[in-house]
>>> print(open('start_2.csv').read())   # CSV, C-alpha atoms
chain,number,residue,atom,x,y,z
X,177,MET,CA,-5.5,-11.5,20.3
X,178,ILE,CA,-7.6,-8.2,20.3
X,179,SER,CA,-8.1,-6.9,23.9
X,180,ASN,CA,-10.3,-4.0,22.9
X,181,LYS,CA,-13.0,-5.8,20.8
X,182,LEU,CA,-16.4,-4.2,20.6
X,183,THR,CA,-19.4,-6.5,21.3
X,184,LEU,CA,-22.1,-7.2,18.7
X,185,SER,CA,-24.6,-5.0,20.6
X,186,GLU,CA,-22.1,-2.1,20.6
X,187,ILE,CA,-21.5,-2.5,16.9
X,188,LYS,CA,-25.3,-2.6,16.3
X,189,ASP,CA,-25.8,0.5,18.4
X,190,ILE,CA,-23.1,2.6,16.6
X,191,SER,CA,-24.1,1.4,13.1
X,192,SER,CA,-27.8,2.2,13.8
X,193,ILE,CA,-27.0,6.0,13.7
X,194,VAL,CA,-28.6,7.6,10.7
X,195,VAL,CA,-26.0,9.3,8.5
X,196,ASP,CA,-27.6,10.9,5.4
X,197,GLU,CA,-24.3,10.9,3.5
X,198,ILE,CA,-23.9,7.1,3.9
X,199,SER,CA,-26.0,4.9,1.6
X,200,ASP,CA,-26.7,1.2,2.0
X,201,HIS,CA,-24.1,0.6,-0.7
X,202,ASP,CA,-21.6,2.5,1.4
X,203,ARG,CA,-22.4,0.4,4.4
X,204,ASP,CA,-21.8,-2.7,2.3
X,205,GLU,CA,-18.4,-1.4,1.4
X,206,MET,CA,-17.7,-0.8,5.1
X,207,ALA,CA,-18.6,-4.5,5.7
X,208,ILE,CA,-21.1,-3.5,8.3
X,209,PRO,CA,-23.6,-6.3,7.3
X,210,SER,CA,-20.7,-8.9,7.8
X,211,TYR,CA,-19.9,-7.7,11.3
X,212,LEU,CA,-23.7,-7.9,12.2
X,213,HIS,CA,-24.3,-11.2,10.3
X,214,ALA,CA,-26.5,-13.8,12.0
X,215,ASN,CA,-23.9,-16.5,11.3
X,216,PRO,CA,-21.2,-16.4,14.0
X,217,LEU,CA,-18.6,-17.9,11.6
X,218,ILE,CA,-18.9,-14.9,9.3
X,219,ARG,CA,-18.5,-12.5,12.3
X,220,TRP,CA,-15.5,-14.6,13.5
X,221,LEU,CA,-13.8,-14.4,10.1
X,222,MET,CA,-14.2,-10.6,10.0
X,223,TRP,CA,-12.6,-10.2,13.4
X,224,LYS,CA,-10.0,-12.9,12.7
X,225,ARG,CA,-8.4,-10.6,10.0
X,226,TYR,CA,-7.9,-8.0,12.7
X,227,GLU,CA,-6.5,-10.6,15.1
X,228,VAL,CA,-3.9,-11.6,12.5
X,229,ILE,CA,-3.1,-7.9,11.8
X,230,ALA,CA,-2.7,-7.4,15.6
X,231,SER,CA,-0.2,-10.2,15.7
X,232,MET,CA,1.9,-8.5,13.1
X,233,LEU,CA,2.1,-5.2,15.0
X,234,PRO,CA,5.3,-4.1,16.8
X,235,VAL,CA,5.5,-4.6,20.5
X,236,SER,CA,6.6,-1.0,21.4
X,237,SER,CA,3.8,1.5,22.0
X,238,THR,CA,6.0,4.6,21.6
X,239,GLN,CA,5.3,4.7,17.9
X,240,SER,CA,2.8,6.1,15.4
X,241,ALA,CA,0.4,4.2,13.1
X,242,MET,CA,-2.3,4.9,10.6
X,243,GLU,CA,-5.4,3.0,9.5
X,244,PHE,CA,-6.2,3.8,5.9
X,245,GLY,CA,-9.8,3.1,5.2
X,246,CYS,CA,-10.8,2.6,8.9
X,247,GLY,CA,-14.5,2.1,8.1
X,248,MET,CA,-16.5,1.9,11.4
X,249,GLY,CA,-13.2,2.3,13.3
X,250,LEU,CA,-13.5,-1.1,15.0
X,251,PHE,CA,-9.7,-1.6,15.2
X,252,LEU,CA,-9.0,1.9,16.4
X,253,PRO,CA,-9.4,1.1,20.1
X,254,GLU,CA,-6.8,-1.7,19.7
X,255,MET,CA,-4.5,0.6,17.8
X,256,LYS,CA,-4.6,3.3,20.4
X,257,SER,CA,-3.8,0.8,23.1
X,258,ARG,CA,-0.6,-0.1,21.2
X,259,PHE,CA,0.6,3.2,19.7
X,260,ASP,CA,1.1,6.7,21.1
X,261,THR,CA,-0.2,8.4,18.0
X,262,VAL,CA,-2.9,7.0,15.7
X,263,TYR,CA,-4.2,8.5,12.5
X,264,ALA,CA,-7.3,7.3,10.7
X,265,MET,CA,-8.7,8.1,7.2
X,266,ASP,CA,-11.9,7.1,5.5
X,267,LEU,CA,-14.3,8.5,3.0
X,268,PHE,CA,-17.1,8.1,5.5
X,269,PRO,CA,-15.6,8.5,9.0
X,270,GLN,CA,-18.9,9.3,10.8
X,271,TYR,CA,-19.3,6.0,12.5
X,272,ALA,CA,-15.6,5.9,13.5
X,273,LEU,CA,-15.8,9.4,14.9
X,274,GLU,CA,-18.8,8.4,17.0
X,275,LEU,CA,-17.0,5.3,18.2
X,276,THR,CA,-13.9,7.2,19.3
X,277,ARG,CA,-16.1,9.9,20.9
X,278,ARG,CA,-18.1,7.4,23.0
X,279,TYR,CA,-15.1,5.5,24.3
X,280,ALA,CA,-12.8,8.6,24.6
X,281,ILE,CA,-10.2,7.3,22.2
X,282,ASP,CA,-7.7,9.8,21.0
X,283,VAL,CA,-7.4,9.4,17.3
X,284,ASN,CA,-6.3,11.9,14.7
X,285,PHE,CA,-8.8,11.8,11.8
X,286,ILE,CA,-7.4,13.2,8.6
X,287,ASN,CA,-8.7,14.0,5.2
X,288,SER,CA,-5.4,14.0,3.4
X,289,PHE,CA,-2.0,12.4,3.6
X,290,SER,CA,-0.5,15.9,3.8
X,291,GLU,CA,-1.7,16.1,7.4
X,292,ILE,CA,0.9,13.4,8.4
X,293,PRO,CA,4.6,14.3,8.6
X,294,ASP,CA,6.8,12.6,6.1
X,295,ASN,CA,8.9,9.7,7.3
X,296,SER,CA,6.9,9.5,10.6
X,297,LEU,CA,4.8,6.4,10.6
X,298,ASP,CA,5.9,3.0,12.0
X,299,VAL,CA,2.9,1.1,10.7
X,300,ILE,CA,0.2,1.7,8.1
X,301,ILE,CA,-2.8,-0.7,8.1
X,302,ALA,CA,-5.0,-1.1,5.0
X,303,ALA,CA,-7.6,-3.8,5.9
X,304,ASP,CA,-9.8,-4.9,3.0
X,305,VAL,CA,-9.7,-1.4,1.4
X,306,LEU,CA,-7.2,-1.3,-1.4
X,307,GLU,CA,-9.3,-3.6,-3.6
X,308,HIS,CA,-11.9,-0.8,-3.6
X,309,LEU,CA,-9.6,1.7,-5.3
X,310,ASP,CA,-9.7,2.4,-9.0
X,311,THR,CA,-5.9,3.2,-9.0
X,312,LEU,CA,-3.2,2.2,-6.5
X,313,GLU,CA,-0.1,4.1,-7.5
X,314,ASP,CA,-0.8,7.4,-5.7
X,315,THR,CA,-1.8,5.7,-2.5
X,316,LEU,CA,1.3,3.4,-2.5
X,317,GLY,CA,3.4,6.5,-3.1
X,318,ASN,CA,1.9,8.2,-0.1
X,319,PHE,CA,2.5,5.1,2.0
X,320,GLN,CA,6.1,5.1,1.1
X,321,LEU,CA,6.4,8.8,1.8
X,322,LYS,CA,4.8,8.6,5.3
X,323,LEU,CA,6.4,5.4,6.5
X,324,LYS,CA,9.7,5.7,8.3
X,325,ASN,CA,12.6,4.8,6.1
X,326,ASN,CA,13.8,1.8,8.1
X,327,ASP,CA,13.6,-2.0,8.1
X,328,ASN,CA,11.0,-2.1,10.8
X,329,ALA,CA,8.3,0.2,9.3
X,330,SER,CA,5.5,-1.9,8.0
X,331,LEU,CA,2.6,-1.8,5.6
X,332,ILE,CA,0.0,-4.4,6.6
X,333,VAL,CA,-2.6,-5.2,4.0
X,334,SER,CA,-5.5,-7.7,4.0
X,335,GLY,CA,-8.0,-8.5,1.3
X,336,PRO,CA,-10.2,-11.1,-0.4
X,337,THR,CA,-9.0,-13.6,-2.9
X,338,GLU,CA,-12.2,-13.4,-5.0
X,339,ASN,CA,-11.6,-17.0,-6.0
X,340,ILE,CA,-14.4,-19.5,-6.5
X,341,PHE,CA,-14.5,-20.4,-2.8
X,342,TYR,CA,-14.8,-16.8,-1.8
X,343,LYS,CA,-17.6,-16.3,-4.4
X,344,ILE,CA,-19.4,-19.4,-3.1
X,345,GLY,CA,-19.1,-18.0,0.4
X,346,ARG,CA,-20.4,-14.6,-0.6
X,347,TYR,CA,-23.6,-16.3,-2.1
X,348,ALA,CA,-24.0,-18.5,1.0
X,349,ALA,CA,-23.8,-15.5,3.2
X,350,GLY,CA,-26.6,-13.8,1.3
X,351,PHE,CA,-24.3,-11.3,-0.4
X,352,GLY,CA,-24.5,-12.7,-3.9
X,353,ASN,CA,-25.7,-9.4,-5.4
X,354,LYS,CA,-22.9,-7.4,-3.8
X,355,GLY,CA,-19.2,-7.0,-4.3
X,356,ASP,CA,-19.2,-4.7,-7.4
X,357,TYR,CA,-17.0,-2.3,-5.4
X,358,HIS,CA,-14.1,-4.8,-5.5
X,359,HIS,CA,-12.0,-3.8,-8.5
X,360,THR,CA,-9.3,-6.3,-7.9
X,361,ASN,CA,-8.2,-9.0,-5.4
X,362,ILE,CA,-5.5,-9.5,-2.8
X,363,ASN,CA,-3.3,-11.7,-5.1
X,364,ALA,CA,-3.1,-8.9,-7.7
X,365,LEU,CA,-2.6,-6.3,-4.9
X,366,VAL,CA,0.3,-8.2,-3.5
X,367,SER,CA,1.9,-8.3,-6.9
X,368,ASP,CA,1.3,-4.6,-7.4
X,369,ILE,CA,2.7,-3.6,-4.0
X,370,VAL,CA,5.9,-5.7,-4.6
X,371,ASP,CA,6.3,-4.2,-8.0
X,372,PHE,CA,6.0,-0.7,-6.5
X,373,GLY,CA,9.0,-1.4,-4.3
X,374,PHE,CA,7.8,-3.0,-1.1
X,375,GLN,CA,9.1,-6.4,0.1
X,376,LEU,CA,6.7,-9.1,1.4
X,377,GLU,CA,7.9,-10.1,4.9
X,378,GLU,CA,5.2,-12.4,6.2
X,379,GLU,CA,1.6,-13.5,5.5
X,380,THR,CA,-1.3,-15.5,6.8
X,381,THR,CA,-4.1,-17.1,4.9
X,382,LEU,CA,-7.7,-17.2,6.2
X,383,PRO,CA,-9.8,-18.9,7.4
X,384,LEU,CA,-7.0,-21.5,7.9
X,385,SER,CA,-3.4,-21.9,6.9
X,386,PHE,CA,-4.5,-24.9,4.7
X,387,GLY,CA,-7.5,-25.5,2.5
X,388,PRO,CA,-9.4,-22.8,0.6
X,389,CYS,CA,-8.0,-19.4,1.0
X,390,LEU,CA,-10.6,-16.6,1.3
X,391,PHE,CA,-8.4,-13.8,2.6
X,392,ARG,CA,-4.7,-13.1,2.8
X,393,VAL,CA,-3.1,-10.8,5.4
X,394,CYS,CA,0.3,-9.6,4.4
X,395,ARG,CA,3.0,-7.4,6.0
X,396,PHE,CA,5.4,-5.5,3.8
X,397,VAL,CA,8.5,-3.4,4.4
X,398,HIS,CA,10.5,-1.0,2.2
X,399,GLY,CA,12.2,-2.9,-0.5
>>> encode(input="start_2.csv", output="structure tokens")
Amino acid sequence: MISNKLTLSEIKDISSIVVDEISDHDRDEMAIPSYLHANPLIRWLMWKRYEVIASMLPVSSTQSAMEFGCGMGLFLPEMKSRFDTVYAMDLFPQYALELTRRYAIDVNFINSFSEIPDNSLDVIIAADVLEHLDTLEDTLGNFQLKLKNNDNASLIVSGPTENIFYKIGRYAAGFGNKGDYHHTNINALVSDIVDFGFQLEEETTLPLSFGPCLFRVCRFVHG
């Protein structure tokens, strides 16, 4: 369960800020239309991914974590309630910066992995972002470098399956002309991450543990 969940009106307010550098296409990549969708089931599914991620986080708060591709920063309040030190990285962090400013949330926004000490992170979260990358190898290498070298340090990844059910859902939601920014899918990503040397520890499928799978949420550790 997420105890620091922003309301729909709060998300609307923050995302209404005009940022010249952020295009409508960029907003689509950040899933802003999904969090603001008129259909409550779509909004539920978007938040459900973070609920599952939250369930995979360690109990201790005296640790450090990073969200890679934090988007609007909607999960940052929850992360800060669970970890002493929180890092965030995104191509367009303006909304997330505004969110943390408004709610006085202490987050370290970074532009480069070099700003994080090696072997220092207990958790890295990449929620529906890795499928947007053209190449994965450098990013995974940085994940390995920054995560603590122990059995408890985790990489948590979520992403869309891009299967027929997902594509039907995209059209039903009114996003049929979108999604060109997805260069791969979660199934291929899981295979690539395991091939890189991580070990898959646990996973949850969404929206349910049975039936059509639209998203997978996976937790990895060092192999």
>>> residues_around(input="start_2.csv", residues="X:Leu316", least_positions_apart="5", cutoff="12 Å", atoms="all atoms listed in the file", output="count of residues only")
23
>>> residues_near_point(input="start_2.csv", point="(8.3, 12.3, 3.7)", cutoff="9 Å", atoms="all atoms listed in the file", output="ChimeraX atom specification")
/X:292-296,318,320-325
>>> atom_distance(input="start_2.csv", atom1="atom CA of X:Cys389", atom2="atom CA of X:Ser334")
12.3 Å
>>> closest_residue(input="start_2.csv", among="X:Ser330, X:Thr360, X:Pro383, X:Glu378", to="X:Leu217", atoms="all atoms listed in the file")
X:Pro383
>>> residues_near_point(input="start_2.csv", point="(-7.6, 6.1, 21.3)", cutoff="9 Å", atoms="all atoms listed in the file", output="ChimeraX atom specification")
/X:252-257,259-262,276,279-284
>>> write_last_selection(input="start_2.csv", atoms="C-alpha atoms", output="mmCIF file, in the frame of the given file")
data_model
loop_
_atom_site.group_PDB
_atom_site.id
_atom_site.type_symbol
_atom_site.label_atom_id
_atom_site.label_comp_id
_atom_site.auth_asym_id
_atom_site.auth_seq_id
_atom_site.Cartn_x
_atom_site.Cartn_y
_atom_site.Cartn_z
ATOM 1 C CA LEU X 252 -9.000 1.900 16.400
ATOM 2 C CA PRO X 253 -9.400 1.100 20.100
ATOM 3 C CA GLU X 254 -6.800 -1.700 19.700
ATOM 4 C CA MET X 255 -4.500 0.600 17.800
ATOM 5 C CA LYS X 256 -4.600 3.300 20.400
ATOM 6 C CA SER X 257 -3.800 0.800 23.100
ATOM 7 C CA PHE X 259 0.600 3.200 19.700
ATOM 8 C CA ASP X 260 1.100 6.700 21.100
ATOM 9 C CA THR X 261 -0.200 8.400 18.000
ATOM 10 C CA VAL X 262 -2.900 7.000 15.700
ATOM 11 C CA THR X 276 -13.900 7.200 19.300
ATOM 12 C CA TYR X 279 -15.100 5.500 24.300
ATOM 13 C CA ALA X 280 -12.800 8.600 24.600
ATOM 14 C CA ILE X 281 -10.200 7.300 22.200
ATOM 15 C CA ASP X 282 -7.700 9.800 21.000
ATOM 16 C CA VAL X 283 -7.400 9.400 17.300
ATOM 17 C CA ASN X 284 -6.300 11.900 14.700
#
>>> atom_distance(input="start_2.csv", atom1="atom CA of X:Cys246", atom2="atom CA of X:Ser231")
18.0 Å
>>> closest_residue(input="start_2.csv", among="X:Leu297, X:Leu376, X:Ile340, X:Ile332", to="X:Thr238", atoms="all atoms listed in the file")
X:Leu297
>>> atom_distance(input="start_2.csv", atom1="atom CA of X:Tyr263", atom2="atom CA of X:Phe285")
5.7 Å
>>> residues_around(input="start_2.csv", residues="X:Asp266", least_positions_apart="5", cutoff="10 Å", atoms="all atoms listed in the file", output="VMD selection string")
chain X and resid 206 243 to 249 272 285 to 288 305
>>> residues_around(input="start_2.csv", residues="X:Glu186", least_positions_apart="5", cutoff="12 Å", atoms="only C-alpha atoms", output="PyMOL selection string")
chain X and resi 181+191-193+211-212+248+250+271+274-275+278-279
>>> residues_around(input="start_2.csv", residues="X:Tyr226", least_positions_apart="6", cutoff="9 Å", atoms="all atoms listed in the file", output="PDB file with C-alpha atoms, keeping the file's coordinate frame")
ATOM      1  CA  MET X 177      -5.500 -11.500  20.300  1.00  0.00           C
ATOM      2  CA  ILE X 178      -7.600  -8.200  20.300  1.00  0.00           C
ATOM      3  CA  PHE X 251      -9.700  -1.600  15.200  1.00  0.00           C
ATOM      4  CA  ALA X 303      -7.600  -3.800   5.900  1.00  0.00           C
TER       5      ALA X 303
END
>>> closest_residue(input="start_2.csv", among="X:Ala329, X:Val194, X:Leu233, X:Ala207", to="X:Leu221", atoms="only C-alpha atoms")
X:Ala207
>>> closest_residue(input="start_2.csv", among="X:Trp223, X:Phe319, X:Phe268, X:Phe391", to="X:Ile362", atoms="only C-alpha atoms")
X:Phe391
>>> closest_residue(input="start_2.csv", among="X:Met232, X:Glu205, X:Ile190, X:Lys224", to="X:Leu273", atoms="all atoms listed in the file")
X:Ile190
>>> closest_residue(input="start_2.csv", among="X:Pro269, X:Asn215, X:Lys188, X:Asn180", to="X:Asp202", atoms="only C-alpha atoms")
X:Pro269
>>> build_atoms(input="start_2.csv", residues="stretch 305-323 of chain X", atoms="N, CA, C and O atoms", output="JSON list (two decimals), in the coordinates of the input")
[["chain", "number", "residue", "atom", "x", "y", "z"],
["X", 305, "VAL", "N", -9.35, -2.73, 2.00],
["X", 305, "VAL", "CA", -9.70, -1.40, 1.40],
["X", 305, "VAL", "C", -9.09, -1.18, 0.07],
["X", 305, "VAL", "O", -9.71, -0.57, -0.80],
["X", 306, "LEU", "N", -7.88, -1.66, -0.16],
["X", 306, "LEU", "CA", -7.20, -1.30, -1.40],
["X", 306, "LEU", "C", -7.86, -1.90, -2.63],
["X", 306, "LEU", "O", -7.75, -1.34, -3.72],
["X", 307, "GLU", "N", -8.59, -3.01, -2.45],
["X", 307, "GLU", "CA", -9.30, -3.60, -3.60],
["X", 307, "GLU", "C", -10.48, -2.73, -4.04],
["X", 307, "GLU", "O", -11.06, -2.96, -5.10],
["X", 308, "HIS", "N", -10.82, -1.73, -3.24],
["X", 308, "HIS", "CA", -11.90, -0.80, -3.60],
["X", 308, "HIS", "C", -11.44, 0.35, -4.46],
["X", 308, "HIS", "O", -12.26, 1.07, -5.02],
["X", 309, "LEU", "N", -10.13, 0.55, -4.54],
["X", 309, "LEU", "CA", -9.60, 1.70, -5.30],
["X", 309, "LEU", "C", -9.51, 1.45, -6.75],
["X", 309, "LEU", "O", -9.20, 0.34, -7.20],
["X", 310, "ASP", "N", -9.78, 2.50, -7.53],
["X", 310, "ASP", "CA", -9.70, 2.40, -9.00],
["X", 310, "ASP", "C", -8.19, 2.34, -9.39],
["X", 310, "ASP", "O", -7.81, 1.63, -10.31],
["X", 311, "THR", "N", -7.36, 3.15, -8.72],
["X", 311, "THR", "CA", -5.90, 3.20, -9.00],
["X", 311, "THR", "C", -5.19, 3.08, -7.68],
["X", 311, "THR", "O", -5.67, 3.55, -6.64],
["X", 312, "LEU", "N", -3.99, 2.51, -7.72],
["X", 312, "LEU", "CA", -3.20, 2.20, -6.50],
["X", 312, "LEU", "C", -1.97, 3.04, -6.38],
["X", 312, "LEU", "O", -1.48, 3.25, -5.27],
["X", 313, "GLU", "N", -1.44, 3.53, -7.48],
["X", 313, "GLU", "CA", -0.10, 4.10, -7.50],
["X", 313, "GLU", "C", 0.04, 5.29, -6.55],
["X", 313, "GLU", "O", 1.00, 5.37, -5.77],
["X", 314, "ASP", "N", -0.89, 6.24, -6.58],
["X", 314, "ASP", "CA", -0.80, 7.40, -5.70],
["X", 314, "ASP", "C", -0.83, 7.04, -4.25],
["X", 314, "ASP", "O", -0.08, 7.60, -3.43],
["X", 315, "THR", "N", -1.70, 6.09, -3.91],
["X", 315, "THR", "CA", -1.80, 5.70, -2.50],
["X", 315, "THR", "C", -0.55, 5.00, -2.04],
["X", 315, "THR", "O", -0.05, 5.29, -0.94],
["X", 316, "LEU", "N", 0.02, 4.11, -2.84],
["X", 316, "LEU", "CA", 1.30, 3.40, -2.50],
["X", 316, "LEU", "C", 2.41, 4.45, -2.34],
["X", 316, "LEU", "O", 3.27, 4.33, -1.47],
["X", 317, "GLY", "N", 2.40, 5.45, -3.21],
["X", 317, "GLY", "CA", 3.40, 6.50, -3.10],
["X", 317, "GLY", "C", 3.33, 7.25, -1.82],
["X", 317, "GLY", "O", 4.35, 7.56, -1.20],
["X", 318, "ASN", "N", 2.11, 7.53, -1.39],
["X", 318, "ASN", "CA", 1.90, 8.20, -0.10],
["X", 318, "ASN", "C", 2.32, 7.30, 1.06],
["X", 318, "ASN", "O", 2.88, 7.77, 2.06],
["X", 319, "PHE", "N", 2.03, 6.01, 0.94],
["X", 319, "PHE", "CA", 2.50, 5.10, 2.00],
["X", 319, "PHE", "C", 3.98, 5.12, 2.15],
["X", 319, "PHE", "O", 4.49, 5.18, 3.27],
["X", 320, "GLN", "N", 4.68, 5.06, 1.04],
["X", 320, "GLN", "CA", 6.10, 5.10, 1.10],
["X", 320, "GLN", "C", 6.65, 6.40, 1.69],
["X", 320, "GLN", "O", 7.62, 6.41, 2.46],
["X", 321, "LEU", "N", 5.99, 7.50, 1.35],
["X", 321, "LEU", "CA", 6.40, 8.80, 1.80],
["X", 321, "LEU", "C", 6.22, 8.97, 3.31],
["X", 321, "LEU", "O", 7.05, 9.58, 4.00],
["X", 322, "LYS", "N", 5.16, 8.41, 3.85],
["X", 322, "LYS", "CA", 4.80, 8.60, 5.30],
["X", 322, "LYS", "C", 5.45, 7.60, 6.18],
["X", 322, "LYS", "O", 5.65, 7.88, 7.37],
["X", 323, "LEU", "N", 5.75, 6.40, 5.69],
["X", 323, "LEU", "CA", 6.40, 5.40, 6.50],
["X", 323, "LEU", "C", 7.85, 5.80, 6.81],
["X", 323, "LEU", "O", 8.53, 6.37, 5.96]]
